[in-house]
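*Asks:* One structure is given below, represented as structure tokens, and several questions about it will come after.
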Amino acid sequence: MSEPRVALVGASGHGLWHRRQITPLHEAGRVRLVGLVDVRPIEPAPGASVPDGTGLFTDHREMLRAVRPDVVVICTPPQTHLPIATDALRAGADVLLEKPPVLSLDEHRALSDVVDETGRACQVGFQALGSAALAELMAAVTDGRLGVVTGIAAVASWHRADSYYQRSAWAGRRTVNGHPSLDGALANPLAHAWMQCLAVAGLPPSTVELERYRCRDIEVDDTACMRITLESGLPILVAVTLCGEEKIEGEVIVYGTAGTAVLEYPTDRLRLPGDSELREVPGRTSLLENLLAHRETGEPLIAPLARTKPFTAVLDVLHAAPVPSKLGDELLSVEGVPPERFLIIKGINAALRQATERLALFSELAVPWAEQPLRVALTEEVAGA
């Protein structure tokens, strides 16, 4: 068989990361890069060449007609995922779709129907699900090394400057042209944190309690505390910010009757009961390579669309929630100058840590600016996922 023909829709911005994944596969003869699509000019970049013969396009439909790819990687704004993925699947291609895959359960159902209709594969770009460290953590939970799991948490304290909210027309927006975009901390940069928690839990959620806050004139959260309760009653507490003090890289914490495990998921470092400190667990399976193996041998997908349904159900809650509360200037400190100005919530890291240690919302703790949460029961369809 000839090498699979691969195209990338969204070749700039974060699309450069995908180009750097595709380039070595193209150079090794494992795939053939046949098309790059972007509304902006497409230029070679370090580790992301434009091989001779690669078609350059501004419209994905023109690309699908012209080069008929076998695999399409989609890295475009989330509100465009459903129509582009639908077109690619119906053109006969398998798809690697950046996270979040879609922005509502209605869109998830629609895309699932197209996957079933076409018989093609749809992998979702939660690349941390391919981590060997996550696999070791999940095996430890299954094998009972933590005893009975009593709770799961995720915590992260990151920084985003003014320029982050100027990077695109949908940055910091709740909707674009009437469609959800949800470019908040929970739905976009820190989505991996609670997707990891859902993966470890392995059970569908039944309720969501949500507190969201913002420090800027944006429409979405830059700080949030969320508790997802599973059908079994197990809580998942997520406490994150993009207005942090010292950086907390991003941790998934599993509490059990026999000990606690911590996965620093961006770095693939893990501490299990009996470990004195975090240790690196090398190895991540590329989701693109996994998709290629699925095409060749039937190897199971790591992040099939169906696995992301509970995640998308929570996005529905985010979309239905009111605009996050804006914190007063007296709660903030400022570093730098625009466009590299950072806003920092005073004392936020202590609040994040306390929330995850107690599996409690900010409003249940002594956080003076916290407001009462939104509480939503998920549908039976999701609970039975």
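Note on naming: chains are A, B, ... as they come in the structure tokens, residues start from 1 per chain, ligands start from 1 in the order shown.
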Give me, as an mmCIF file with N, CA, C and O atoms, in the first residue's frame, all polymer residues having an atom no more than 7 Å from Ser325 in chain A, counting only C-alpha atoms and skipping those fewer than 4 positions away in the same chain.

*Replies:*
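To be explicit, this is the file written out as part_15.cif:
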```cif
data_model
loop_
_atom_site.group_PDB
_atom_site.id
_atom_site.type_symbol
_atom_site.label_atom_id
_atom_site.label_comp_id
_atom_site.auth_asym_id
_atom_site.auth_seq_id
_atom_site.Cartn_x
_atom_site.Cartn_y
_atom_site.Cartn_z
ATOM 1 N N ARG A 212 -17.419 30.251 38.073
ATOM 2 C CA ARG A 212 -16.488 30.807 37.089
ATOM 3 C C ARG A 212 -16.291 32.295 37.360
ATOM 4 O O ARG A 212 -17.247 33.010 37.688
ATOM 5 N N TYR A 213 -15.050 32.745 37.157
ATOM 6 C CA TYR A 213 -14.691 34.124 37.437
ATOM 7 C C TYR A 213 -13.795 34.647 36.318
ATOM 8 O O TYR A 213 -13.188 33.876 35.573
ATOM 9 N N ARG A 214 -13.714 35.998 36.219
ATOM 10 C CA ARG A 214 -12.855 36.613 35.212
ATOM 11 C C ARG A 214 -12.247 37.875 35.792
ATOM 12 O O ARG A 214 -12.856 38.548 36.642
#
```

*Asks:* Find the spatial neighbours of Phe342 in chain A, counting only C-alpha atoms, within a cut-off of 9 Å - ignore same-chain residues fewer than 4 positions away - and output them as JSON, numbers by chain.

*Replies:* {"A": [159, 160, 161, 162, 243, 333, 334, 335, 336, 337, 338]}

*Asks:* Nearest to Ala128 in chain A among A:Arg167, A:Arg284, A:Arg32, A:Arg358, with distances taken over only C-alpha atoms: which residue is it?

*Replies:*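 Closest to Ala128 in chain A, using only C-alpha atoms: A:Arg284.
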
*Asks:* Please provide the set of residues having any atom within 12 Å of Ser168 in chain A, restricted to only C-alpha atoms, with same-chain residues fewer than 6 positions apart removed, written as a list of chain:residue names.

*Replies:* A:Ser12, A:Gly13, A:His14, A:Thr76, A:Pro77, A:Val176, A:Ser181, A:Asp183

*Asks:* Take CA of His319 in chain A and CA of Ala110 in chain A and report the distance between them in Å, one decimal.

*Replies:*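 For CA of His319 in chain A relative to CA of Ala110 in chain A, the distance reads 17.7 Å.
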
*Asks:* Pick out the closest residue to Glu98 in chain A from this set: A:Phe126, A:Tyr164, A:Phe362, A:Trp369. Count only C-alpha atoms.

*Replies:*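 Using only C-alpha atoms, Glu98 in chain A sits closest to A:Phe126.
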
*Asks:* Which residues of range 88-117 of chain A have any atom within 12 Å of an atom in range 189-195 of chain A when counting only C-alpha atoms, and what is the closest pair of atoms for each, with the distance in Å to one decimal? Order the rows by chain and rising number and write it as a Markdown table.

*Replies:*
```
| residue | atom | partner | partner_atom | distance |
| --- | --- | --- | --- | --- |
| A:Glu98 | CA | A:Ala191 | CA | 11.7 |
| A:Lys99 | CA | A:Ala191 | CA | 8.2 |
| A:Pro100 | CA | A:Ala191 | CA | 7.8 |
| A:Pro101 | CA | A:Ala191 | CA | 11.3 |
```

*Asks:* Given the selection you just returned, output its residues as a file containing N, CA, C and O atoms, formatted as a CSV table (one decimal), in the first residue's frame.

*Replies:*
```
chain,number,residue,atom,x,y,z
A,98,GLU,N,-8.8,18.5,16.7
A,98,GLU,CA,-8.3,19.1,17.9
A,98,GLU,C,-9.4,19.2,18.9
A,98,GLU,O,-10.6,19.2,18.6
A,99,LYS,N,-9.0,19.2,20.2
A,99,LYS,CA,-9.9,19.4,21.3
A,99,LYS,C,-10.3,20.9,21.4
A,99,LYS,O,-9.4,21.8,21.1
A,100,PRO,N,-11.4,21.3,22.0
A,100,PRO,CA,-12.6,20.4,22.2
A,100,PRO,C,-13.1,20.0,20.8
A,100,PRO,O,-13.2,20.8,19.9
A,101,PRO,N,-13.6,18.7,20.7
A,101,PRO,CA,-14.0,18.3,19.4
A,101,PRO,C,-15.2,19.1,18.9
A,101,PRO,O,-15.2,19.5,17.7
```

*Asks:* In Å, with one decimal, what is the gap from CA of Asp268 in chain A to CA of Val281 in chain A?

*Replies:*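 Computed distance, CA of Asp268 in chain A to CA of Val281 in chain A, equals 5.8 Å.
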
*Asks:* Apply DSSP to the backbone of this structure and, from range 228-289 of chain A, keep only the residues in strand (DSSP E); write these as a PyMOL selection string.

*Replies:* chain A and resi 228-230+235-241+243-256+259-264+269-271+279-280

*Asks:* Hey, what's within 8 Å of range 133-146 of chain A if we count only C-alpha atoms and toss same-chain stuff fewer than 6 positions away? As JSON, numbers by chain, please?

*Replies:* {"A": [196, 200, 255, 256, 257, 258, 259, 260, 261, 263, 265, 268, 269, 270, 272, 273, 280, 281, 282, 283]}

*Asks:* Return the single residue from A:Glu62, A:Asp221, A:Glu209, A:Glu107 that is closest to Leu327 in chain A, with distances computed using only C-alpha atoms.

*Replies:*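 Of A:Glu62, A:Asp221, A:Glu209, A:Glu107, the one nearest Leu327 in chain A is A:Asp221, counting only C-alpha atoms.
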
*Asks:* So the first atom is CA of Glu289 in chain A and the second is CA of Ala66 in chain A; what is the distance between them in Å, to one decimal place?

*Replies:* 24.4 Å

*Asks:* Of the candidates A:Gly347, A:Leu378, A:Leu129, A:Ala154, which shows the shortest atom-to-atom distance to Thr229 in chain A, using only C-alpha atoms?

*Replies:*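 Closest to Thr229 in chain A of all the choices is A:Leu378.
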
*Asks:* Calculated over only C-alpha atoms, which of the candidates A:Arg173, A:Arg90, A:His60, A:Lys309 has the smallest distance to Leu105 in chain A?

*Replies:* A:Lys309

*Asks:* When DSSP is applied to the backbone of this structure, which of range 134-286 of chain A are assigned alpha helix (DSSP H)? Write them out as JSON, numbers by chain.

*Replies:* {"A": [134, 135, 136, 137, 138, 139, 140, 141, 142, 191, 192, 193, 194, 195, 196, 197, 198, 199, 200, 201]}
